[in-house]
>>> print(open('upload-v3.cif').read())   # mmCIF, C-alpha atoms and all ligand atoms
data_coords
#
loop_
_atom_site.label_atom_id
_atom_site.label_comp_id
_atom_site.auth_asym_id
_atom_site.auth_seq_id
_atom_site.Cartn_x
_atom_site.Cartn_y
_atom_site.Cartn_z
CA MET V 21 9.70 6.21 47.88
CA ARG V 22 7.24 3.46 46.99
CA HIS V 23 7.27 1.38 43.81
CA LEU V 24 4.75 -1.20 42.59
CA LEU V 25 6.67 -4.13 41.11
CA SER V 26 4.66 -7.05 42.47
CA ILE V 27 1.10 -7.06 43.83
CA THR V 28 2.60 -8.30 47.11
CA ASP V 29 4.24 -4.86 47.50
CA LEU V 30 0.77 -3.80 48.67
CA THR V 31 -0.72 -5.10 51.91
CA VAL V 32 -4.32 -6.32 51.96
CA GLU V 33 -5.21 -3.14 53.86
CA GLU V 34 -3.63 -1.06 51.10
CA LEU V 35 -5.50 -3.01 48.41
CA ASP V 36 -8.75 -2.33 50.25
CA GLU V 37 -7.82 1.38 50.61
CA LEU V 38 -7.11 1.60 46.86
CA LEU V 39 -10.51 0.03 46.13
CA SER V 40 -12.28 2.57 48.37
CA SER V 41 -10.28 5.41 46.86
CA ALA V 42 -11.17 4.18 43.33
CA THR V 43 -14.87 4.09 44.21
CA ASP V 44 -14.66 7.70 45.41
CA ILE V 45 -12.77 8.72 42.25
CA GLU V 46 -15.45 6.98 40.14
CA GLN V 47 -18.25 8.82 41.93
CA ASN V 48 -16.55 12.24 42.20
CA PRO V 49 -14.09 12.55 39.29
CA GLU V 50 -14.16 16.37 39.37
CA ALA V 51 -12.78 16.37 42.93
CA TYR V 52 -9.61 14.73 41.59
CA ALA V 53 -9.29 16.67 38.32
CA HIS V 54 -6.41 18.88 39.49
CA ARG V 55 -4.62 16.63 41.98
CA MET V 56 -1.62 15.93 39.70
CA GLU V 57 -1.26 19.41 38.21
CA GLY V 58 2.41 20.14 37.48
CA LYS V 59 3.33 16.44 37.61
CA LYS V 60 4.43 14.20 34.74
CA LEU V 61 4.01 10.47 34.18
CA ALA V 62 6.42 8.70 31.81
CA THR V 63 5.12 5.58 30.06
CA LEU V 64 8.10 3.47 28.97
CA PHE V 65 6.63 0.64 26.91
CA PHE V 66 9.33 -1.61 25.45
CA GLU V 67 6.52 -4.05 24.50
CA PRO V 68 3.17 -3.40 22.75
CA SER V 69 0.09 -2.35 24.71
CA THR V 70 -3.30 -0.78 24.14
CA ARG V 71 -5.09 -0.79 27.51
CA THR V 72 -2.31 -0.46 30.04
CA ARG V 73 -0.42 2.39 28.41
CA LEU V 74 -3.47 4.35 27.32
CA SER V 75 -5.27 3.87 30.64
CA PHE V 76 -2.21 5.12 32.53
CA GLU V 77 -2.06 8.13 30.22
CA ALA V 78 -5.83 8.79 30.47
CA ALA V 79 -5.60 8.43 34.27
CA MET V 80 -2.82 11.01 34.52
CA TRP V 81 -4.61 13.45 32.17
CA GLU V 82 -7.82 13.11 34.20
CA LEU V 83 -5.86 13.88 37.38
CA GLY V 84 -4.59 17.14 35.83
CA GLY V 85 -1.08 15.85 35.11
CA GLN V 86 0.80 15.39 31.85
CA VAL V 87 2.37 12.42 30.11
CA LEU V 88 5.44 11.63 28.02
CA GLY V 89 7.01 8.40 26.87
CA PHE V 90 7.39 5.87 24.11
CA ALA V 91 5.19 3.05 22.84
CA GLY V 92 7.82 0.63 21.58
CA ALA V 93 11.48 -0.22 22.10
CA SER V 94 12.16 0.64 18.43
CA SER V 95 11.37 4.31 19.03
CA SER V 96 13.65 4.57 22.06
CA SER V 97 17.42 4.31 22.40
CA ALA V 98 16.92 0.74 23.63
CA SER V 99 17.11 -0.03 19.89
CA LYS V 100 20.70 1.29 19.97
CA GLY V 101 21.59 -0.95 22.88
CA GLU V 102 20.86 1.35 25.84
CA SER V 103 20.24 -0.55 29.07
CA VAL V 104 17.05 -0.41 31.13
CA LYS V 105 18.97 1.13 34.02
CA ASP V 106 20.38 3.96 31.86
CA THR V 107 16.97 4.58 30.25
CA VAL V 108 15.26 4.86 33.62
CA ARG V 109 18.01 7.01 35.13
CA THR V 110 17.58 9.38 32.18
CA VAL V 111 13.77 9.49 32.34
CA SER V 112 13.93 10.15 36.11
CA CYS V 113 15.31 13.58 35.11
CA TYR V 114 12.16 14.35 33.09
CA ALA V 115 9.23 12.71 34.94
CA ASP V 116 7.82 12.40 38.47
CA ILE V 117 6.63 8.80 38.13
CA ILE V 118 7.29 5.98 35.63
CA ALA V 119 5.07 3.16 34.36
CA MET V 120 7.12 0.64 32.39
CA ARG V 121 6.48 -2.54 30.43
CA HIS V 122 9.28 -4.79 29.25
CA PRO V 123 9.37 -8.20 27.54
CA LEU V 124 12.02 -9.52 29.95
CA GLU V 125 11.08 -10.85 33.38
CA GLY V 126 12.42 -8.79 36.27
CA ALA V 127 13.14 -5.65 34.21
CA PRO V 128 11.39 -3.33 36.72
CA TRP V 129 13.63 -4.70 39.49
CA ALA V 130 16.61 -3.55 37.40
CA ALA V 131 14.90 -0.18 36.84
CA VAL V 132 14.54 0.59 40.54
CA GLN V 133 18.32 0.30 40.93
CA SER V 134 18.76 3.54 39.00
CA THR V 135 15.51 5.50 39.37
CA THR V 136 14.93 8.56 41.52
CA VAL V 137 11.13 8.45 41.05
CA PRO V 138 8.47 5.77 41.73
CA VAL V 139 8.37 2.91 39.21
CA ILE V 140 5.23 0.93 38.37
CA ASN V 141 5.54 -2.48 36.72
CA ALA V 142 3.10 -2.39 33.78
CA GLY V 143 3.96 -5.99 32.84
CA ASP V 144 7.34 -7.78 32.75
CA GLY V 145 7.39 -10.67 30.28
CA GLY V 146 5.50 -13.69 31.57
CA HIS V 147 6.14 -12.76 35.21
CA TYR V 148 3.82 -10.17 36.79
CA HIS V 149 1.23 -7.50 35.88
CA PRO V 150 0.16 -5.95 39.20
CA THR V 151 -1.90 -3.06 37.81
CA GLN V 152 -4.03 -5.49 35.77
CA THR V 153 -4.69 -7.19 39.10
CA LEU V 154 -5.91 -3.88 40.53
CA ALA V 155 -8.42 -3.76 37.64
CA ASP V 156 -9.37 -7.40 38.27
CA LEU V 157 -9.92 -6.85 41.99
CA MET V 158 -12.18 -3.87 41.34
CA THR V 159 -14.14 -5.97 38.82
CA LEU V 160 -14.65 -8.79 41.33
CA LYS V 161 -15.59 -6.35 44.10
CA LYS V 162 -18.10 -4.49 41.91
CA GLU V 163 -19.57 -7.46 40.08
CA LYS V 164 -19.48 -10.16 42.79
CA GLY V 165 -19.61 -7.88 45.83
CA ARG V 166 -16.61 -9.46 47.58
CA LEU V 167 -12.99 -10.59 47.23
CA ASP V 168 -13.29 -13.59 49.55
CA HIS V 169 -14.99 -16.99 49.42
CA LEU V 170 -14.92 -17.07 45.63
CA LYS V 171 -14.32 -20.08 43.40
CA ILE V 172 -12.25 -18.76 40.53
CA GLY V 173 -11.41 -20.66 37.36
CA LEU V 174 -8.32 -19.44 35.52
CA CYS V 175 -8.14 -20.79 31.99
CA GLY V 176 -5.62 -20.74 29.13
CA ASP V 177 -1.94 -19.86 29.31
CA LEU V 178 -1.26 -20.09 33.03
CA LYS V 179 2.50 -20.57 32.53
CA PHE V 180 3.33 -17.25 30.86
CA GLY V 181 0.11 -15.47 31.96
CA ARG V 182 1.49 -12.62 34.05
CA THR V 183 -2.01 -11.40 34.91
CA VAL V 184 -2.83 -14.86 36.28
CA HIS V 185 0.30 -14.94 38.50
CA SER V 186 -0.41 -11.52 40.02
CA LEU V 187 -4.14 -12.23 40.48
CA ILE V 188 -3.47 -15.49 42.33
CA GLU V 189 -0.90 -13.76 44.57
CA ALA V 190 -3.54 -11.15 45.45
CA LEU V 191 -6.53 -13.45 46.00
CA ILE V 192 -4.72 -16.02 48.17
CA ARG V 193 -4.51 -13.29 50.82
CA TYR V 194 -8.32 -13.08 51.12
CA PRO V 195 -10.02 -15.89 53.08
CA GLY V 196 -11.93 -18.75 51.54
CA ASN V 197 -10.92 -18.33 47.90
CA GLU V 198 -10.58 -21.51 45.84
CA PHE V 199 -8.76 -21.85 42.53
CA VAL V 200 -9.37 -24.12 39.54
CA LEU V 201 -6.36 -23.90 37.21
CA ILE V 202 -7.52 -24.97 33.72
CA SER V 203 -4.78 -25.34 31.12
CA PRO V 204 -3.04 -27.75 28.78
CA GLN V 205 -0.30 -29.74 30.54
CA GLU V 206 2.36 -27.62 28.78
CA LEU V 207 0.98 -24.29 30.06
CA ARG V 208 0.44 -25.06 33.74
CA VAL V 209 1.01 -22.49 36.50
CA PRO V 210 4.76 -22.21 37.34
CA ALA V 211 6.22 -23.79 40.47
CA GLY V 212 6.65 -20.43 42.26
CA ILE V 213 2.90 -19.72 42.09
CA ILE V 214 2.04 -23.28 43.16
CA ASN V 215 4.36 -22.75 46.16
CA ALA V 216 2.52 -19.51 46.99
CA LEU V 217 -0.84 -21.35 46.87
CA LYS V 218 0.52 -24.06 49.14
CA GLU V 219 2.06 -21.62 51.62
CA ALA V 220 -1.24 -19.73 51.82
CA GLN V 221 -3.05 -23.07 52.24
CA ALA V 222 -5.43 -21.96 49.49
CA PRO V 223 -7.42 -24.84 47.96
CA TYR V 224 -6.51 -25.32 44.29
CA ARG V 225 -6.90 -27.97 41.62
CA GLU V 226 -5.27 -28.32 38.21
CA ALA V 227 -7.66 -29.36 35.43
CA VAL V 228 -7.73 -29.66 31.64
CA SER V 229 -11.41 -29.50 30.67
CA LEU V 230 -13.21 -26.14 30.74
CA GLU V 231 -16.57 -27.85 30.07
CA GLU V 232 -16.20 -30.00 33.17
CA GLU V 233 -15.28 -27.10 35.47
CA ILE V 234 -17.37 -24.15 34.29
CA GLY V 235 -20.54 -25.24 36.09
CA GLY V 236 -19.08 -24.70 39.58
CA LEU V 237 -17.41 -21.30 39.23
CA ASP V 238 -18.16 -17.82 40.62
CA ALA V 239 -15.77 -16.22 38.13
CA LEU V 240 -14.04 -17.51 34.99
CA TYR V 241 -10.81 -15.70 34.10
CA MET V 242 -9.98 -16.48 30.46
CA THR V 243 -6.53 -15.75 29.02
CA ARG V 244 -4.96 -15.71 25.59
CA ILE V 245 -2.42 -18.29 24.44
CA GLN V 246 0.41 -15.80 23.91
CA GLN V 247 2.29 -16.38 20.67
CA GLU V 248 5.00 -13.90 21.71
CA ARG V 249 6.07 -16.04 24.69
CA PHE V 250 6.75 -19.23 22.71
CA PHE V 251 10.23 -20.15 21.47
CA SER V 252 8.66 -22.65 19.03
CA VAL V 253 6.03 -21.68 16.42
CA GLU V 254 4.95 -25.32 16.11
CA GLU V 255 4.27 -25.51 19.84
CA TYR V 256 2.16 -22.33 19.66
CA LEU V 257 0.16 -23.61 16.66
CA ARG V 258 -0.50 -26.88 18.48
CA LEU V 259 -1.83 -25.15 21.62
CA LYS V 260 -3.41 -21.92 20.36
CA ASP V 261 -7.00 -23.19 20.11
CA SER V 262 -6.97 -25.16 23.38
CA TYR V 263 -9.92 -23.22 24.81
CA ILE V 264 -12.71 -21.29 23.10
CA LEU V 265 -15.49 -19.97 25.32
CA ASP V 266 -18.66 -19.85 23.24
CA GLU V 267 -22.43 -19.62 23.81
CA GLU V 268 -22.70 -23.40 24.17
CA LYS V 269 -20.19 -23.49 27.04
CA MET V 270 -21.82 -20.42 28.63
CA ARG V 271 -25.05 -22.46 28.86
CA LEU V 272 -23.18 -24.79 31.26
CA ALA V 273 -22.12 -21.88 33.51
CA PRO V 274 -24.01 -20.62 36.58
CA LYS V 275 -26.38 -17.72 35.97
CA ASP V 276 -24.32 -15.46 38.27
CA MET V 277 -20.83 -16.48 37.09
CA ILE V 278 -18.86 -13.59 35.62
CA VAL V 279 -16.45 -13.89 32.70
CA MET V 280 -13.24 -11.90 32.95
CA HIS V 281 -10.30 -11.50 30.54
CA PRO V 282 -7.38 -9.06 30.77
CA LEU V 283 -7.57 -8.58 26.96
CA PRO V 284 -6.43 -8.50 24.21
CA ARG V 285 -8.34 -11.59 23.09
CA VAL V 286 -7.77 -13.48 19.88
CA ASN V 287 -10.39 -16.22 19.56
CA GLU V 288 -10.56 -17.67 23.10
CA ILE V 289 -13.87 -15.87 23.76
CA ASP V 290 -16.32 -15.97 20.87
CA VAL V 291 -17.54 -12.42 20.12
CA LYS V 292 -21.14 -13.66 20.54
CA VAL V 293 -20.42 -14.03 24.29
CA ASP V 294 -19.93 -10.23 24.50
CA ALA V 295 -23.72 -9.76 24.57
CA ASP V 296 -24.09 -12.08 27.58
CA PRO V 297 -24.66 -10.00 30.75
CA ARG V 298 -22.08 -12.18 32.51
CA ALA V 299 -19.31 -10.90 30.21
CA CYS V 300 -17.32 -8.34 32.26
CA TYR V 301 -14.10 -7.91 30.30
CA PHE V 302 -14.90 -4.45 28.95
CA LYS V 303 -15.92 -3.35 32.44
CA GLN V 304 -12.45 -4.48 33.56
CA VAL V 305 -10.97 -1.99 31.07
CA MET V 306 -12.84 0.92 32.70
CA TYR V 307 -12.06 -0.24 36.24
CA GLY V 308 -8.38 -0.43 35.23
CA LYS V 309 -8.23 3.28 34.48
CA ILE V 310 -9.88 4.18 37.78
CA MET V 311 -7.60 1.94 39.84
CA ARG V 312 -4.55 3.39 38.06
CA LYS V 313 -5.73 6.86 39.07
CA ALA V 314 -5.93 5.68 42.69
CA LEU V 315 -2.48 4.08 42.43
CA ILE V 316 -0.80 7.17 40.94
CA LEU V 317 -2.26 9.30 43.76
CA LYS V 318 -1.06 6.85 46.40
CA LEU V 319 2.49 6.49 45.09
CA MET V 320 2.86 10.23 44.53
CA ALA V 321 1.67 10.88 48.09
CA GLU V 322 4.32 8.52 49.45
CA THR V 323 7.42 9.77 47.61
CA GLU V 324 8.89 11.16 50.83
CA LEU V 325 8.39 7.98 52.88
CA PRO V 326 11.50 5.96 53.71
CA ALA V 327 11.86 2.80 51.63
CA LYS V 328 10.69 -0.37 53.32
CA PRO V 329 13.51 -2.89 53.83
CA GLY V 330 13.20 -5.72 51.31
CA PRO V 331 14.37 -9.32 51.64
CA VAL V 332 18.13 -9.98 51.84
CA LYS V 333 19.74 -10.43 48.43
CA ILE V 334 23.12 -12.09 47.87
CA THR V 335 25.56 -12.85 45.08
CA THR V 336 26.43 -16.48 44.46
CA GLY V 337 28.97 -16.22 41.64
CA ARG V 338 26.33 -17.74 39.31
CA HIS V 339 23.95 -16.32 36.73
CA CYS V 340 20.18 -16.82 36.59
CA LYS V 341 19.26 -19.82 34.43
CA ASN V 342 16.11 -18.20 33.02
CA PRO V 343 16.77 -17.06 29.41
CA ARG V 344 13.77 -14.69 29.71
CA CYS V 345 15.30 -12.88 32.73
CA ILE V 346 16.51 -9.27 32.43
CA SER V 347 19.82 -10.37 33.99
CA SER V 348 20.53 -12.40 30.83
CA THR V 349 20.92 -9.24 28.71
CA GLU V 350 21.25 -6.12 30.88
CA GLN V 351 24.84 -4.90 31.03
CA GLY V 352 26.23 -4.07 34.46
CA LEU V 353 23.39 -5.80 36.32
CA GLU V 354 24.78 -7.82 39.18
CA PRO V 355 23.16 -11.29 39.46
CA LEU V 356 21.39 -11.35 42.83
CA PHE V 357 19.46 -14.07 44.59
CA TYR V 358 17.14 -14.50 47.54
CA PRO V 359 18.50 -17.33 49.65
CA VAL V 360 15.83 -19.49 51.23
CA HIS V 361 17.17 -20.72 54.51
CA GLN V 362 16.17 -24.10 55.78
CA ILE V 363 15.17 -23.08 59.25
CA MET V 364 15.13 -26.51 60.91
CA VAL V 365 17.21 -29.57 60.06
CA GLN V 366 16.34 -32.60 62.18
CA GLY V 367 15.01 -30.26 64.84
CA VAL V 368 18.14 -28.05 64.77
CA PRO V 369 17.92 -24.45 63.47
CA THR V 370 20.30 -23.74 60.60
CA ARG V 371 21.19 -20.70 58.51
CA ILE V 372 22.57 -22.68 55.55
CA PRO V 373 20.88 -21.50 52.34
CA THR V 374 19.33 -24.45 50.57
CA ARG V 375 17.42 -22.83 47.72
CA TYR V 376 18.00 -19.69 45.68
CA TYR V 377 15.53 -17.53 43.75
CA CYS V 378 16.66 -14.91 41.22
CA ALA V 379 16.02 -11.48 42.73
CA TYR V 380 14.82 -10.19 39.31
CA CYS V 381 12.63 -12.90 37.73
CA GLU V 382 12.15 -14.97 40.94
CA MET V 383 12.84 -18.27 39.17
CA GLU V 384 14.15 -20.98 41.49
CA GLN V 385 17.70 -21.97 40.52
CA VAL V 386 18.03 -25.73 40.23
N1 LIG E 1 -4.44 -6.15 29.75
C1 LIG E 1 -3.37 -5.62 29.13
O1 LIG E 1 -2.25 -5.59 29.68
O2 LIG E 1 -3.64 -5.13 27.90
P1 LIG E 1 -2.58 -4.40 26.95
O3 LIG E 1 -1.53 -5.42 26.58
O4 LIG E 1 -3.34 -3.89 25.78
O5 LIG E 1 -1.94 -3.30 27.77
#
>>> encode(input="upload-v3.cif", output="structure tokens", more="lines below")
Ligand code: CP
Amino acid sequence: MRHLLSITDLTVEELDELLSSATDIEQNPEAYAHRMEGKKLATLFFEPSTRTRLSFEAAMWELGGQVLGFAGASSSSASKGESVKDTVRTVSCYADIIAMRHPLEGAPWAAVQSTTVPVINAGDGGHYHPTQTLADLMTLKKEKGRLDHLKIGLCGDLKFGRTVHSLIEALIRYPGNEFVLISPQELRVPAGIINALKEAQAPYREAVSLEEEIGGLDALYMTRIQQERFFSVEEYLRLKDSYILDEEKMRLAPKDMIVMHPLPRVNEIDVKVDADPRACYFKQVMYGKIMRKALILKLMAETELPAKPGPVKITTGRHCKNPRCISSTEQGLEPLFYPVHQIMVQGVPTRIPTRYYCAYCEMEQV
């Protein structure tokens, strides 16, 4: 069976297939109206959502299927202390596919240890949000005509911005893309994403001023400073108004630059910008539903395929150091790590692990 936990679970060819499939679904919705008849999607949202949950549910309804689920941890037995693994094992008895959102990083990796149906990561804390990336890719393809040779500015909370992490991991696999990472010092892109940019040899630059960068972009991806990710209220209050895209800044932008935002927004895009033809964030919402239809069809068509072998995971006798990781709270979840082997030492191959990444949240253990 296939799951979608990270955008890198899909090859570039599969991303392109999903985009073609979505275009066909958009043009011929009636041809897909009965494809999921008799099937059920469970939406397990332990964290609030408007777009992701409702677009998954609308997608399944429009494919002829049915939906069940919960829209907050407080209305599930998670509020009584039930683990993610037990919740997902239970829901596997009722549904054919699961979309889940959780505030802790790596929670979907815990879920797949006990599921018997495909699991889709609908956002895990400040880590990943691969189905938002599907919406973002369709937006770029439709509005810019390509996914390569783009100069993309990502602005706002790049540290906890899960949509940013997944989008970068998708776009570095297309040739010629260049990234301008605009954020306050405190909210810079995490080391793991910087490593991915370096490994892909994708040109990137970290910057602070939106005004100075906006004039050279093909697409500007704005994000919210996310109050819910901060441990300190004072720190949030200090940073919350770091960037506000308004009509004055839009006058500095190229005529064909598009403005994207995963939404919800607070004040980082002035509502007056909504009338600008370059504002694409409500188009992203519609593309998200169509891409989720394509994804549900793909995963449901591949339930009988043998699982692909993943990277080797090991125990080290230690626990992950990330307090936002699912392994910090989930009972009975064995701490697992990806060892990164230093292949050559002074010209001699070695198999001694030198670095470890948590197999749930992927944070490097230092
Ligand atoms: N883009 C997004 O994830 O929105 P919601 O939080 O409303 O689902």
>>> residues_near_ligand(input="upload-v3.cif", ligand="ligand LIG 1 (chain E)", cutoff="8 Å", atoms="all atoms listed in the file", output="VMD selection string")
chain V and resid 68 to 74 142 to 143 149 152 183 281 to 284 305
>>> closest_atom_pairs(input="upload-v3.cif", of="region 290-382 of chain V", to="region 111-123 of chain V", cutoff="12 Å", atoms="all atoms listed in the file", output="JSON lines")
{"residue": "V:Arg312", "atom": "CA", "partner": "V:Ala119", "partner_atom": "CA", "distance": 10.3}
{"residue": "V:Leu315", "atom": "CA", "partner": "V:Ala119", "partner_atom": "CA", "distance": 11.1}
{"residue": "V:Ile316", "atom": "CA", "partner": "V:Ile117", "partner_atom": "CA", "distance": 8.1}
{"residue": "V:Leu317", "atom": "CA", "partner": "V:Ile117", "partner_atom": "CA", "distance": 10.5}
{"residue": "V:Lys318", "atom": "CA", "partner": "V:Ile117", "partner_atom": "CA", "distance": 11.5}
{"residue": "V:Leu319", "atom": "CA", "partner": "V:Ile117", "partner_atom": "CA", "distance": 8.4}
{"residue": "V:Met320", "atom": "CA", "partner": "V:Ile117", "partner_atom": "CA", "distance": 7.6}
{"residue": "V:Ala321", "atom": "CA", "partner": "V:Ile117", "partner_atom": "CA", "distance": 11.3}
{"residue": "V:Glu322", "atom": "CA", "partner": "V:Ile117", "partner_atom": "CA", "distance": 11.6}
{"residue": "V:Thr323", "atom": "CA", "partner": "V:Asp116", "partner_atom": "CA", "distance": 9.5}
{"residue": "V:Pro343", "atom": "CA", "partner": "V:Pro123", "partner_atom": "CA", "distance": 11.7}
{"residue": "V:Arg344", "atom": "CA", "partner": "V:Pro123", "partner_atom": "CA", "distance": 8.1}
{"residue": "V:Cys345", "atom": "CA", "partner": "V:Pro123", "partner_atom": "CA", "distance": 9.2}
{"residue": "V:Ile346", "atom": "CA", "partner": "V:Pro123", "partner_atom": "CA", "distance": 8.7}
{"residue": "V:Thr349", "atom": "CA", "partner": "V:Pro123", "partner_atom": "CA", "distance": 11.7}
{"residue": "V:Cys381", "atom": "CA", "partner": "V:Pro123", "partner_atom": "CA", "distance": 11.7}
>>> residues_around(input="upload-v3.cif", residues="region 207-223 of chain V", least_positions_apart="3", cutoff="9 Å", atoms="only C-alpha atoms", output="list in words")
Gly176, Asp177, Leu178, Lys179, Phe180, Gly181, Val184, His185, Ile188, Glu189, Ile192, Arg193, Pro195, Gly196, Asn197, Glu198, Phe199, Val200, Leu201, Ile202, Ser203, Pro204, Glu226, Ile245, Leu259, Glu382, Met383 and Glu384 of chain V
>>> residues_near_point(input="upload-v3.cif", point="(26.1, -10.2, 39.2)", cutoff="7 Å", atoms="all atoms listed in the file", output="PyMOL selection string")
chain V and resi 335+339+353-356
>>> closest_residue(input="upload-v3.cif", among="V:Lys171, V:Met56, V:Tyr263, V:Arg249", to="Leu124 (chain V)", atoms="all atoms listed in the file")
V:Arg249
>>> atom_distance(input="upload-v3.cif", atom1="CA of Tyr377 (chain V)", atom2="CA of Val360 (chain V)")
7.7 Å
>>> closest_residue(input="upload-v3.cif", among="V:Ala79, V:Met306, V:Ala131, V:Met270", to="Gly235 (chain V)", atoms="all atoms listed in the file")
V:Met270
>>> atom_distance(input="upload-v3.cif", atom1="CA of Met242 (chain V)", atom2="CA of Met311 (chain V)")
20.8 Å
>>> atom_distance(input="upload-v3.cif", atom1="CA of Thr43 (chain V)", atom2="CA of Glu82 (chain V)")
15.2 Å
>>> closest_residue(input="upload-v3.cif", among="V:Gly145, V:Arg109, V:Val279, V:Gly85", to="Ala295 (chain V)", atoms="all atoms listed in the file")
V:Val279
>>> closest_residue(input="upload-v3.cif", among="V:Asn287, V:Gly173, V:Leu187, V:Tyr307", to="Tyr241 (chain V)", atoms="all atoms listed in the file")
V:Gly173
>>> closest_residue(input="upload-v3.cif", among="V:Ala93, V:Met80, V:Leu265, V:Leu237", to="Lys164 (chain V)", atoms="only C-alpha atoms")
V:Leu237
>>> residues_near_point(input="upload-v3.cif", point="(7.1, 3.9, 50.3)", cutoff="8 Å", atoms="all atoms listed in the file", output="list in words")
Met21, Arg22, His23, Leu319, Glu322, Thr323, Glu324, Leu325, Pro326, Ala327 and Lys328 of chain V
>>> write_last_selection(input="upload-v3.cif", atoms="C-alpha atoms", output="PDB file, in the coordinates of the input")
ATOM      1  CA  MET V  21       9.700   6.210  47.880  1.00  0.00           C
ATOM      2  CA  ARG V  22       7.240   3.460  46.990  1.00  0.00           C
ATOM      3  CA  HIS V  23       7.270   1.380  43.810  1.00  0.00           C
ATOM      4  CA  LEU V 319       2.490   6.490  45.090  1.00  0.00           C
ATOM      5  CA  GLU V 322       4.320   8.520  49.450  1.00  0.00           C
ATOM      6  CA  THR V 323       7.420   9.770  47.610  1.00  0.00           C
ATOM      7  CA  GLU V 324       8.890  11.160  50.830  1.00  0.00           C
ATOM      8  CA  LEU V 325       8.390   7.980  52.880  1.00  0.00           C
ATOM      9  CA  PRO V 326      11.500   5.960  53.710  1.00  0.00           C
ATOM     10  CA  ALA V 327      11.860   2.800  51.630  1.00  0.00           C
ATOM     11  CA  LYS V 328      10.690  -0.370  53.320  1.00  0.00           C
TER      12      LYS V 328
END
>>> closest_residue(input="upload-v3.cif", among="V:Val137, V:Ala190, V:Val132, V:Met277", to="Glu163 (chain V)", atoms="only C-alpha atoms")
V:Met277
>>> residues_around(input="upload-v3.cif", residues="Leu157 (chain V)", least_positions_apart="2", cutoff="10 Å", atoms="only C-alpha atoms", output="list in words")
Leu35, Asp36, Leu39, Thr151, Gln152, Thr153, Leu154, Ala155, Thr159, Leu160, Lys161, Lys162, Glu163, Arg166, Leu167, Leu187, Ala190, Leu191, Gln304, Tyr307, Gly308 and Met311 of chain V
>>> residues_around(input="upload-v3.cif", residues="Ile264 (chain V)", least_positions_apart="2", cutoff="8 Å", atoms="only C-alpha atoms", output="PyMOL selection string")
chain V and resi 261-262+266+287-290
>>> build_atoms(input="upload-v3.cif", residues="region 312-322 of chain V", atoms="N, CA, C and O atoms", output="PDB file, in the frame of the given file")
ATOM      1  N   ARG V 312      -5.865   2.777  38.340  1.00  0.00           N
ATOM      2  CA  ARG V 312      -4.550   3.390  38.060  1.00  0.00           C
ATOM      3  C   ARG V 312      -4.527   4.831  38.543  1.00  0.00           C
ATOM      4  O   ARG V 312      -3.489   5.325  38.985  1.00  0.00           O
ATOM      5  N   LYS V 313      -5.674   5.506  38.495  1.00  0.00           N
ATOM      6  CA  LYS V 313      -5.730   6.860  39.070  1.00  0.00           C
ATOM      7  C   LYS V 313      -5.461   6.776  40.571  1.00  0.00           C
ATOM      8  O   LYS V 313      -4.671   7.553  41.126  1.00  0.00           O
ATOM      9  N   ALA V 314      -6.119   5.830  41.232  1.00  0.00           N
ATOM     10  CA  ALA V 314      -5.930   5.680  42.690  1.00  0.00           C
ATOM     11  C   ALA V 314      -4.479   5.340  43.010  1.00  0.00           C
ATOM     12  O   ALA V 314      -3.908   5.855  43.982  1.00  0.00           O
ATOM     13  N   LEU V 315      -3.876   4.496  42.181  1.00  0.00           N
ATOM     14  CA  LEU V 315      -2.480   4.080  42.430  1.00  0.00           C
ATOM     15  C   LEU V 315      -1.514   5.252  42.246  1.00  0.00           C
ATOM     16  O   LEU V 315      -0.610   5.453  43.064  1.00  0.00           O
ATOM     17  N   ILE V 316      -1.687   6.019  41.170  1.00  0.00           N
ATOM     18  CA  ILE V 316      -0.800   7.170  40.940  1.00  0.00           C
ATOM     19  C   ILE V 316      -0.876   8.120  42.140  1.00  0.00           C
ATOM     20  O   ILE V 316       0.148   8.572  42.663  1.00  0.00           O
ATOM     21  N   LEU V 317      -2.101   8.397  42.608  1.00  0.00           N
ATOM     22  CA  LEU V 317      -2.260   9.300  43.760  1.00  0.00           C
ATOM     23  C   LEU V 317      -1.550   8.744  44.989  1.00  0.00           C
ATOM     24  O   LEU V 317      -0.879   9.480  45.723  1.00  0.00           O
ATOM     25  N   LYS V 318      -1.684   7.453  45.206  1.00  0.00           N
ATOM     26  CA  LYS V 318      -1.060   6.850  46.400  1.00  0.00           C
ATOM     27  C   LYS V 318       0.472   6.936  46.326  1.00  0.00           C
ATOM     28  O   LYS V 318       1.122   7.369  47.268  1.00  0.00           O
ATOM     29  N   LEU V 319       1.027   6.508  45.190  1.00  0.00           N
ATOM     30  CA  LEU V 319       2.490   6.490  45.090  1.00  0.00           C
ATOM     31  C   LEU V 319       3.063   7.899  45.135  1.00  0.00           C
ATOM     32  O   LEU V 319       4.114   8.130  45.742  1.00  0.00           O
ATOM     33  N   MET V 320       2.368   8.851  44.515  1.00  0.00           N
ATOM     34  CA  MET V 320       2.860  10.230  44.530  1.00  0.00           C
ATOM     35  C   MET V 320       2.749  10.852  45.917  1.00  0.00           C
ATOM     36  O   MET V 320       3.531  11.734  46.269  1.00  0.00           O
ATOM     37  N   ALA V 321       1.806  10.360  46.723  1.00  0.00           N
ATOM     38  CA  ALA V 321       1.670  10.880  48.090  1.00  0.00           C
ATOM     39  C   ALA V 321       2.734  10.300  49.007  1.00  0.00           C
ATOM     40  O   ALA V 321       2.965  10.815  50.098  1.00  0.00           O
ATOM     41  N   GLU V 322       3.384   9.211  48.555  1.00  0.00           N
ATOM     42  CA  GLU V 322       4.320   8.520  49.450  1.00  0.00           C
ATOM     43  C   GLU V 322       5.766   8.649  48.988  1.00  0.00           C
ATOM     44  O   GLU V 322       6.630   7.879  49.414  1.00  0.00           O
TER      45      GLU V 322
END
